[in-house]
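For reference, input06.txt (compact mmCIF, C-alpha atoms and all ligand atoms):
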# COMPACT_ATOMS: atom_id res chain seq x y z
CA MET A 1 -93.45 -36.93 33.76
CA LYS A 2 -96.13 -35.93 36.26
CA ARG A 3 -99.45 -35.05 34.67
CA VAL A 4 -102.37 -32.82 35.62
CA THR A 5 -106.00 -33.56 34.82
CA LEU A 6 -108.16 -30.82 33.37
CA PRO A 7 -111.88 -30.55 34.25
CA ASP A 8 -112.86 -32.34 31.00
CA THR A 9 -110.56 -35.26 32.05
CA GLN A 10 -107.88 -34.48 29.46
CA SER A 11 -104.50 -34.93 31.11
CA VAL A 12 -101.57 -32.66 30.30
CA PRO A 13 -97.87 -32.62 31.30
CA ALA A 14 -97.31 -30.87 34.63
CA LEU A 15 -94.30 -29.09 33.16
CA GLY A 16 -94.41 -27.10 29.95
CA LEU A 17 -92.40 -24.44 28.14
CA GLY A 18 -93.03 -20.71 28.55
CA THR A 19 -92.22 -18.47 25.60
CA TRP A 20 -92.41 -14.89 26.83
CA GLY A 21 -89.40 -13.09 25.35
CA PHE A 22 -89.32 -15.28 22.26
CA GLY A 23 -90.07 -13.64 18.93
CA ASP A 24 -88.98 -10.16 20.00
CA ARG A 25 -85.89 -9.78 17.85
CA ARG A 26 -85.04 -10.83 14.33
CA GLU A 27 -81.39 -11.60 15.26
CA THR A 28 -82.37 -14.30 17.75
CA ARG A 29 -85.20 -15.81 15.70
CA ASP A 30 -83.26 -18.80 14.37
CA SER A 31 -81.82 -19.73 17.75
CA GLU A 32 -85.29 -19.46 19.31
CA ILE A 33 -86.82 -21.71 16.67
CA ALA A 34 -83.98 -24.15 17.35
CA ALA A 35 -84.64 -23.97 21.12
CA ILE A 36 -88.30 -24.87 20.65
CA GLU A 37 -87.42 -27.69 18.24
CA LEU A 38 -84.90 -28.96 20.78
CA ALA A 39 -87.49 -28.75 23.56
CA LEU A 40 -89.88 -30.85 21.47
CA ALA A 41 -87.11 -33.35 20.75
CA MET A 42 -86.37 -33.57 24.50
CA GLY A 43 -89.99 -34.38 25.20
CA TYR A 44 -91.70 -31.09 26.06
CA ARG A 45 -95.35 -31.54 25.17
CA LEU A 46 -96.98 -28.37 26.50
CA ILE A 47 -96.13 -24.90 25.17
CA ASP A 48 -97.48 -21.66 26.58
CA THR A 49 -97.62 -18.53 24.45
CA ALA A 50 -99.74 -15.43 23.77
CA GLU A 51 -100.55 -13.05 20.95
CA MET A 52 -98.75 -10.45 23.07
CA TYR A 53 -95.34 -12.19 23.08
CA GLY A 54 -93.18 -10.58 20.43
CA SER A 55 -96.41 -9.10 18.98
CA GLY A 56 -97.20 -12.50 17.50
CA GLY A 57 -93.52 -13.34 16.94
CA ALA A 58 -93.50 -16.06 19.61
CA GLU A 59 -96.51 -17.79 18.04
CA GLU A 60 -94.80 -17.59 14.66
CA ILE A 61 -91.61 -19.27 15.78
CA ILE A 62 -93.57 -21.95 17.65
CA GLY A 63 -95.47 -22.60 14.41
CA ILE A 64 -92.24 -23.04 12.46
CA ALA A 65 -90.62 -25.24 15.12
CA LEU A 66 -93.70 -27.41 15.49
CA GLU A 67 -94.04 -27.85 11.75
CA ARG A 68 -90.38 -28.94 11.54
CA ALA A 69 -90.79 -31.32 14.48
CA ILE A 70 -93.83 -32.87 12.86
CA THR A 71 -92.02 -33.26 9.51
CA GLN A 72 -89.10 -34.93 11.28
CA ARG A 73 -91.54 -37.18 13.19
CA ILE A 74 -90.30 -35.84 16.51
CA ALA A 75 -93.84 -34.99 17.51
CA THR A 76 -97.37 -35.05 16.17
CA ARG A 77 -99.77 -32.14 16.38
CA ASP A 78 -102.05 -34.15 18.65
CA ASP A 79 -99.50 -34.83 21.33
CA VAL A 80 -98.41 -31.21 21.79
CA PHE A 81 -100.74 -29.18 24.00
CA ILE A 82 -100.71 -25.53 22.90
CA VAL A 83 -101.86 -22.73 25.17
CA SER A 84 -102.29 -19.20 23.85
CA LYS A 85 -103.87 -16.01 25.16
CA VAL A 86 -105.97 -13.20 23.83
CA TYR A 87 -105.33 -9.58 24.79
CA PRO A 88 -108.13 -8.11 26.93
CA HIS A 89 -108.70 -5.36 24.36
CA ASN A 90 -109.30 -8.02 21.69
CA ALA A 91 -111.70 -9.98 23.87
CA SER A 92 -115.00 -8.72 22.44
CA ARG A 93 -117.36 -11.27 20.87
CA GLN A 94 -116.01 -10.75 17.33
CA GLY A 95 -112.58 -9.51 18.47
CA VAL A 96 -111.75 -12.81 20.15
CA ILE A 97 -112.73 -14.72 17.02
CA ASP A 98 -110.52 -12.52 14.83
CA ALA A 99 -107.59 -12.64 17.30
CA CYS A 100 -107.82 -16.44 17.47
CA ALA A 101 -107.79 -16.67 13.67
CA ARG A 102 -104.54 -14.67 13.60
CA THR A 103 -103.09 -16.86 16.37
CA LEU A 104 -103.95 -20.08 14.50
CA ASP A 105 -102.44 -18.65 11.35
CA ARG A 106 -99.16 -17.84 13.09
CA LEU A 107 -99.08 -21.16 14.92
CA ARG A 108 -99.92 -23.01 11.67
CA VAL A 109 -102.47 -25.18 13.44
CA GLU A 110 -106.21 -25.79 13.12
CA SER A 111 -106.97 -25.27 16.80
CA VAL A 112 -105.38 -24.32 20.10
CA ASP A 113 -105.82 -26.70 23.02
CA LEU A 114 -106.39 -24.00 25.62
CA TYR A 115 -107.20 -20.34 24.94
CA LEU A 116 -106.93 -17.90 27.82
CA LEU A 117 -108.11 -14.37 28.46
CA HIS A 118 -104.68 -12.87 29.32
CA TRP A 119 -106.00 -10.59 32.05
CA ARG A 120 -109.23 -8.77 32.82
CA GLY A 121 -109.95 -5.68 30.79
CA ARG A 122 -112.96 -3.45 30.20
CA ILE A 123 -114.93 -5.84 28.01
CA PRO A 124 -117.55 -7.68 30.09
CA LEU A 125 -116.65 -11.29 30.80
CA ALA A 126 -120.01 -12.46 29.45
CA THR A 127 -119.12 -10.94 26.07
CA THR A 128 -115.77 -12.72 25.95
CA LEU A 129 -117.49 -15.97 26.91
CA HIS A 130 -119.79 -15.68 23.89
CA GLY A 131 -116.72 -15.40 21.69
CA PHE A 132 -115.05 -18.38 23.38
CA GLU A 133 -118.21 -20.44 22.96
CA ARG A 134 -118.33 -19.63 19.24
CA LEU A 135 -114.66 -20.67 18.90
CA LEU A 136 -115.40 -23.94 20.72
CA ALA A 137 -118.39 -24.67 18.50
CA ASP A 138 -116.26 -24.01 15.41
CA GLY A 139 -113.46 -26.28 16.66
CA ARG A 140 -110.89 -23.44 16.70
CA ILE A 141 -110.20 -23.93 20.43
CA ARG A 142 -110.53 -27.12 22.46
CA ARG A 143 -111.14 -25.36 25.77
CA TRP A 144 -110.85 -21.90 27.29
CA GLY A 145 -109.59 -20.45 30.53
CA VAL A 146 -108.37 -17.26 32.18
CA SER A 147 -105.19 -15.70 33.48
CA ASN A 148 -104.42 -13.30 36.33
CA PHE A 149 -107.85 -13.91 37.88
CA ASP A 150 -108.04 -13.58 41.67
CA VAL A 151 -110.80 -15.17 43.76
CA GLU A 152 -113.22 -12.26 43.24
CA ASP A 153 -112.79 -12.54 39.48
CA THR A 154 -113.24 -16.30 39.39
CA GLU A 155 -116.35 -15.97 41.59
CA GLU A 156 -117.78 -13.45 39.16
CA LEU A 157 -116.94 -15.75 36.25
CA TRP A 158 -118.62 -18.72 37.93
CA ARG A 159 -121.82 -16.72 38.35
CA LEU A 160 -122.12 -16.29 34.57
CA PRO A 161 -123.94 -18.87 32.44
CA GLY A 162 -121.24 -21.25 31.19
CA GLY A 163 -118.56 -19.56 33.33
CA SER A 164 -117.74 -22.71 35.27
CA ALA A 165 -116.55 -24.35 32.04
CA CYS A 166 -113.24 -22.50 32.60
CA ALA A 167 -110.45 -25.08 32.25
CA ALA A 168 -107.56 -23.31 34.02
CA ASN A 169 -106.36 -20.07 35.59
CA GLN A 170 -102.78 -19.01 34.89
CA VAL A 171 -101.21 -16.86 37.63
CA TYR A 172 -97.85 -15.91 39.12
CA TYR A 173 -96.84 -18.65 41.56
CA SER A 174 -93.33 -19.29 42.84
CA VAL A 175 -91.44 -19.75 46.13
CA SER A 176 -91.40 -15.99 46.65
CA GLU A 177 -94.99 -15.41 45.48
CA ARG A 178 -97.08 -17.83 47.52
CA GLY A 179 -100.19 -15.69 48.07
CA VAL A 180 -102.39 -17.97 45.96
CA GLU A 181 -101.94 -20.77 48.52
CA PHE A 182 -104.10 -18.82 50.97
CA ASP A 183 -107.31 -18.67 48.95
CA LEU A 184 -107.10 -18.98 45.15
CA LEU A 185 -105.50 -22.42 44.99
CA PRO A 186 -107.98 -23.97 47.51
CA TRP A 187 -110.87 -22.25 45.65
CA GLN A 188 -109.77 -23.75 42.36
CA ARG A 189 -109.00 -27.12 43.92
CA GLN A 190 -112.53 -27.35 45.28
CA ARG A 191 -113.81 -26.89 41.72
CA ARG A 192 -111.12 -29.11 40.15
CA VAL A 193 -109.71 -26.27 38.05
CA PRO A 194 -105.92 -26.53 37.71
CA LEU A 195 -103.67 -23.58 38.33
CA MET A 196 -100.94 -22.80 35.79
CA ALA A 197 -97.91 -21.30 37.51
CA TYR A 198 -96.16 -18.59 35.54
CA CYS A 199 -92.75 -17.13 36.47
CA PRO A 200 -92.11 -20.38 38.40
CA ILE A 201 -88.38 -19.55 38.65
CA ASP A 202 -89.13 -15.93 39.54
CA ARG A 203 -87.86 -14.82 36.13
CA GLY A 204 -84.58 -16.61 36.82
CA SER A 205 -83.86 -15.22 40.29
CA ALA A 206 -84.89 -18.41 42.16
CA ALA A 207 -81.97 -20.09 40.37
CA GLY A 208 -79.60 -17.99 42.47
CA ASN A 209 -81.28 -18.54 45.83
CA ASP A 210 -78.99 -19.96 48.54
CA THR A 211 -81.60 -22.04 50.38
CA LEU A 212 -82.80 -23.68 47.18
CA ALA A 213 -79.20 -24.18 46.04
CA ALA A 214 -78.28 -25.90 49.34
CA ILE A 215 -81.29 -28.23 49.15
CA GLY A 216 -80.41 -28.99 45.54
CA ALA A 217 -76.71 -29.56 46.22
CA ALA A 218 -77.56 -32.22 48.81
CA ARG A 219 -79.49 -34.24 46.25
CA GLY A 220 -77.63 -33.46 43.02
CA ALA A 221 -80.12 -30.90 41.71
CA THR A 222 -79.96 -27.18 40.94
CA ALA A 223 -81.81 -24.40 42.75
CA ALA A 224 -84.06 -23.90 39.72
CA GLN A 225 -84.98 -27.58 39.75
CA VAL A 226 -85.88 -27.37 43.44
CA ALA A 227 -88.06 -24.30 42.74
CA LEU A 228 -89.90 -26.22 40.01
CA ALA A 229 -90.20 -29.47 41.98
CA TRP A 230 -91.64 -27.41 44.84
CA ILE A 231 -94.41 -26.13 42.55
CA LEU A 232 -95.03 -29.57 41.11
CA ARG A 233 -95.62 -31.04 44.59
CA HIS A 234 -99.26 -30.10 43.94
CA PRO A 235 -101.15 -32.63 41.85
CA ASP A 236 -103.18 -29.86 40.20
CA VAL A 237 -100.56 -27.23 39.31
CA ILE A 238 -98.81 -26.91 35.95
CA ALA A 239 -95.49 -25.03 35.76
CA ILE A 240 -94.43 -23.29 32.55
CA PRO A 241 -90.82 -22.13 32.99
CA LYS A 242 -89.33 -20.30 30.02
CA ALA A 243 -85.87 -21.42 28.94
CA SER A 244 -83.88 -20.80 25.81
CA ARG A 245 -80.58 -22.44 26.79
CA GLU A 246 -80.19 -26.16 26.25
CA ALA A 247 -78.94 -26.81 29.80
CA HIS A 248 -81.93 -24.96 31.26
CA LEU A 249 -84.40 -26.81 29.04
CA ARG A 250 -82.95 -30.15 30.17
CA GLU A 251 -82.78 -29.23 33.84
CA ASN A 252 -86.34 -28.00 33.94
CA LEU A 253 -87.79 -31.08 32.28
CA ALA A 254 -85.89 -33.33 34.70
CA ALA A 255 -87.27 -31.33 37.65
CA ALA A 256 -90.68 -32.85 36.98
CA ASP A 257 -89.30 -36.17 38.26
CA ILE A 258 -88.08 -34.80 41.60
CA ASP A 259 -90.16 -35.43 44.73
CA LEU A 260 -89.07 -33.21 47.62
CA THR A 261 -89.05 -34.68 51.12
CA THR A 262 -90.98 -33.32 54.12
CA GLU A 263 -87.69 -31.96 55.52
CA GLU A 264 -86.85 -30.19 52.27
CA LEU A 265 -90.33 -28.68 52.07
CA ALA A 266 -90.02 -27.50 55.68
CA ALA A 267 -86.69 -25.81 54.87
CA ILE A 268 -88.36 -24.00 51.97
CA ASP A 269 -91.25 -22.90 54.24
CA LYS A 270 -88.70 -21.44 56.63
CA ALA A 271 -87.00 -19.39 53.92
CA PHE A 272 -90.24 -18.53 52.09
CA PRO A 273 -93.07 -18.58 54.68
CA PRO A 274 -96.53 -19.58 53.42
CA PRO A 275 -99.20 -16.84 53.48
CA THR A 276 -101.21 -16.39 56.67
CA ARG A 277 -103.67 -13.87 55.22
CA LYS A 278 -105.10 -12.71 51.91
CA GLN A 279 -102.56 -11.19 49.56
CA PRO A 280 -103.51 -9.50 46.30
CA LEU A 281 -102.52 -11.48 43.25
CA THR A 282 -99.07 -10.57 41.93
CA MET A 283 -99.07 -9.83 38.22
CA TYR A 284 -96.07 -9.62 36.01
N1 LIG B 301 -100.23 -15.08 31.97
C1 LIG B 301 -99.38 -14.11 32.23
O1 LIG B 301 -99.74 -12.96 32.50
C2 LIG B 301 -97.91 -14.44 32.22
C3 LIG B 301 -96.98 -13.55 32.79
C4 LIG B 301 -95.64 -13.91 32.80
C5 LIG B 301 -95.24 -15.12 32.23
N2 LIG B 301 -96.16 -15.95 31.65
C6 LIG B 301 -95.76 -17.24 31.02
O2 LIG B 301 -94.97 -17.96 31.96
C7 LIG B 301 -93.70 -18.26 31.38
C8 LIG B 301 -92.63 -18.32 32.44
O3 LIG B 301 -92.47 -17.07 33.07
P1 LIG B 301 -91.18 -16.14 32.80
O4 LIG B 301 -90.61 -16.45 31.48
O5 LIG B 301 -91.62 -14.75 33.02
O6 LIG B 301 -90.20 -16.49 33.98
P2 LIG B 301 -89.48 -17.84 34.50
O7 LIG B 301 -89.90 -19.01 33.70
O8 LIG B 301 -89.68 -17.87 35.97
O9 LIG B 301 -87.94 -17.51 34.26
C9 LIG B 301 -87.38 -17.47 32.97
C10 LIG B 301 -85.91 -17.09 33.12
O10 LIG B 301 -85.25 -18.08 33.91
C11 LIG B 301 -84.14 -18.59 33.20
N3 LIG B 301 -84.07 -20.02 33.46
C12 LIG B 301 -84.88 -20.99 32.97
N4 LIG B 301 -84.50 -22.18 33.44
C13 LIG B 301 -83.43 -21.99 34.23
C14 LIG B 301 -82.61 -22.85 34.97
N5 LIG B 301 -82.82 -24.17 35.00
N6 LIG B 301 -81.57 -22.29 35.67
C15 LIG B 301 -81.33 -20.96 35.66
N7 LIG B 301 -82.11 -20.09 34.97
C16 LIG B 301 -83.16 -20.61 34.25
C17 LIG B 301 -84.40 -18.31 31.73
O11 LIG B 301 -83.14 -18.19 31.07
P3 LIG B 301 -82.86 -18.65 29.55
O12 LIG B 301 -84.01 -18.17 28.72
O13 LIG B 301 -81.57 -17.95 29.27
O14 LIG B 301 -82.71 -20.14 29.48
C18 LIG B 301 -85.17 -17.01 31.81
O15 LIG B 301 -84.28 -15.91 31.91
C19 LIG B 301 -93.52 -17.14 30.34
O16 LIG B 301 -92.49 -17.42 29.42
C20 LIG B 301 -94.90 -17.09 29.76
O17 LIG B 301 -95.11 -18.16 28.85
C21 LIG B 301 -97.48 -15.64 31.67

What is this structure when it is put down as structure tokens?
Ligand SMILES: NC(=O)c1ccc[n+]([C@@H]2O[C@H](COP(=O)([O-])OP(=O)(O)OC[C@H]3O[C@@H](n4cnc5c(N)ncnc54)[C@H](OP(=O)(O)O)[C@@H]3O)[C@@H](O)[C@H]2O)c1
Amino acid sequence: MKRVTLPDTQSVPALGLGTWGFGDRRETRDSEIAAIELALAMGYRLIDTAEMYGSGGAEEIIGIALERAITQRIATRDDVFIVSKVYPHNASRQGVIDACARTLDRLRVESVDLYLLHWRGRIPLATTLHGFERLLADGRIRRWGVSNFDVEDTEELWRLPGGSACAANQVYYSVSERGVEFDLLPWQRQRRVPLMAYCPIDRGSAAGNDTLAAIGAARGATAAQVALAWILRHPDVIAIPKASREAHLRENLAAADIDLTTEELAAIDKAFPPPTRKQPLTMY
């Protein structure tokens, strides 16, 4: 498995599991818990979630699955890297502390490994930072970061005292959404801040793309695997595809071992041209 190094030198798997859509419905709860347990048994060691997903339901089912995996000695708490996110409206100094307490409760853990501001809201960034710093000092989070921040936002963050301690920025990045390659990715690379790619399979649609399917067919891979391998060509990008089906979970994990050739990358550039000018960040 490829790995990505965070600014504090901690290395994390380049491919993790997204969980948006989990925890929404009572009828699918058991199968979702089973999917996360299975993912852990397969070797997934990074899980992305948020207080928003299923209104806390996703964090709850991750907590149950992780607890079971630990009991069965499939994983230990220390080797699973958990990312969660706070709603912008909860990101006041005290609000972030309270939201994190609820998140830890649902996840049944003592701390989250990376805690992100889900997107920018009305609360000043400096205020949120104070909350993050308190959580760090209390050992409730191991590091903090942001999500859906474009270059202007990251520049503003970096101007704040302590702002450059940001460990990652999670944004939409996929074959069809390459805008970040123009400015945000180079900006972050210069500062050694990894990018976390959300919607890396374009919410499933990249799996049906003909160009990606043809490249995959020639090397015994699926279109979705090519889409993920394409993202993981960067040494400093983490992809967090969401999957609930066993075959998808397996495929995606295996994609982290695929290295695309120059010819394959050129074919992808032809079908999905890289940006030649600034594009506003796509948010989903
Ligand atoms: N920070 C943010 O604002 C933000 C926004 C959006 C997403 N995210 C995070 O990023 C994660 C990923 O994004 P996403 O869930 O929106 O989209 P995604 O990962 O691009 O796509 C997920 C969809 O693709 C399907 N899929 C997964 N693997 C597949 C494969 N190998 N072949 C064919 N289809 C496959 C899944 O189906 P099955 O479930 O049926 O397997 C699911 O319907 C989220 O779950 C969430 O954790 C963050």

Exercise: stretch 137-154 of chain A partners within 7 Å, all atoms listed in the file, chain neighbours under 2 positions left out, as a PyMOL selection string: chain A and resi 110-119+132-135+156-158+166-171+184+281+283

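Nearest to ligand LIG 301 (chain B) of all the residues A:Ala165, A:Ile268, A:Ala255, A:Ile97 is A:Ala255, counting only C-alpha atoms and all ligand atoms.
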
Pick from A:Glu59, A:Asp269, A:Asp30, A:Glu181 nearest to ligand LIG 301 (chain B), counting all atoms listed in the file: A:Glu59

For A:Arg277, the nearest of the candidates A:Ile258, A:Met42, A:Val180, A:Ala34, counting only C-alpha atoms: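 The closest residue to A:Arg277 is A:Val180.
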
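Using only C-alpha atoms, the nearest neighbour of A:Lys270 within the list A:Ser92, A:Thr211, A:Ala254, A:Thr222 is A:Thr211.
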
From A:Pro280, A:Pro194, A:Gly204, A:Gly216, residue lying nearest ligand LIG 301 (chain B) [only C-alpha atoms and all ligand atoms]: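 Between A:Pro280, A:Pro194, A:Gly204, A:Gly216, the residue approaching ligand LIG 301 (chain B) most closely is A:Gly204.
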
Residues near stretch 75-90 of chain A, cut-off 8 Å, all atoms listed in the file, skip fewer than 6 positions along chain, as a PyMOL selection string: chain A and resi 12+40-41+44-52+66+69+96+99-100+103+112-123

Close residues, A:Ala206 itself excluded, 10 Å, all atoms listed in the file, min 4 positions apart in chain, as a ChimeraX atom specification: /A:174-176,199-202,210-213,223-228

Distance of atom CA of A:Phe22 from atom CA of A:Leu38, expressed in Å to one decimal place: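 These atoms are spaced 14.5 Å apart.
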
Option closest in space to ligand LIG 301 (chain B), from A:Ala65, A:Ala267, A:Ala91, A:Ile240 [counting only C-alpha atoms and all ligand atoms]: A:Ile240

Atom C7 of ligand LIG 301 (chain B) to atom CA of A:Pro275, straight-line distance in Å: 22.8 Å

Length of the atom P2 of ligand LIG 301 (chain B) to atom CA of A:Thr276 vector [Å]: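 One can read the atom P2 of ligand LIG 301 (chain B) to atom CA of A:Thr276 distance as 25.1 Å.
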
Long-range neighbours of A:Leu107 as a PyMOL selection string, 7 Å cut-off, only C-alpha atoms, 5 positions minimum in chain: chain A and resi 59-60+62-63

Protein/DNA/RNA residues near (-98.9, -26.5, 33.2), cut 6 Å, only C-alpha atoms, as a PyMOL selection string: chain A and resi 14-16+196+238-240

Box time for stretch 103-106 of chain A: axis-aligned, enclosing all its listed atoms, 3 Å extra on each side; report centre and edge lengths in Å to one decimal, as lines of an AutoDock Vina configuration file.
center_x = -101.6
center_y = -18.5
center_z = 13.9
size_x = 10.8
size_y = 9.2
size_z = 11.0
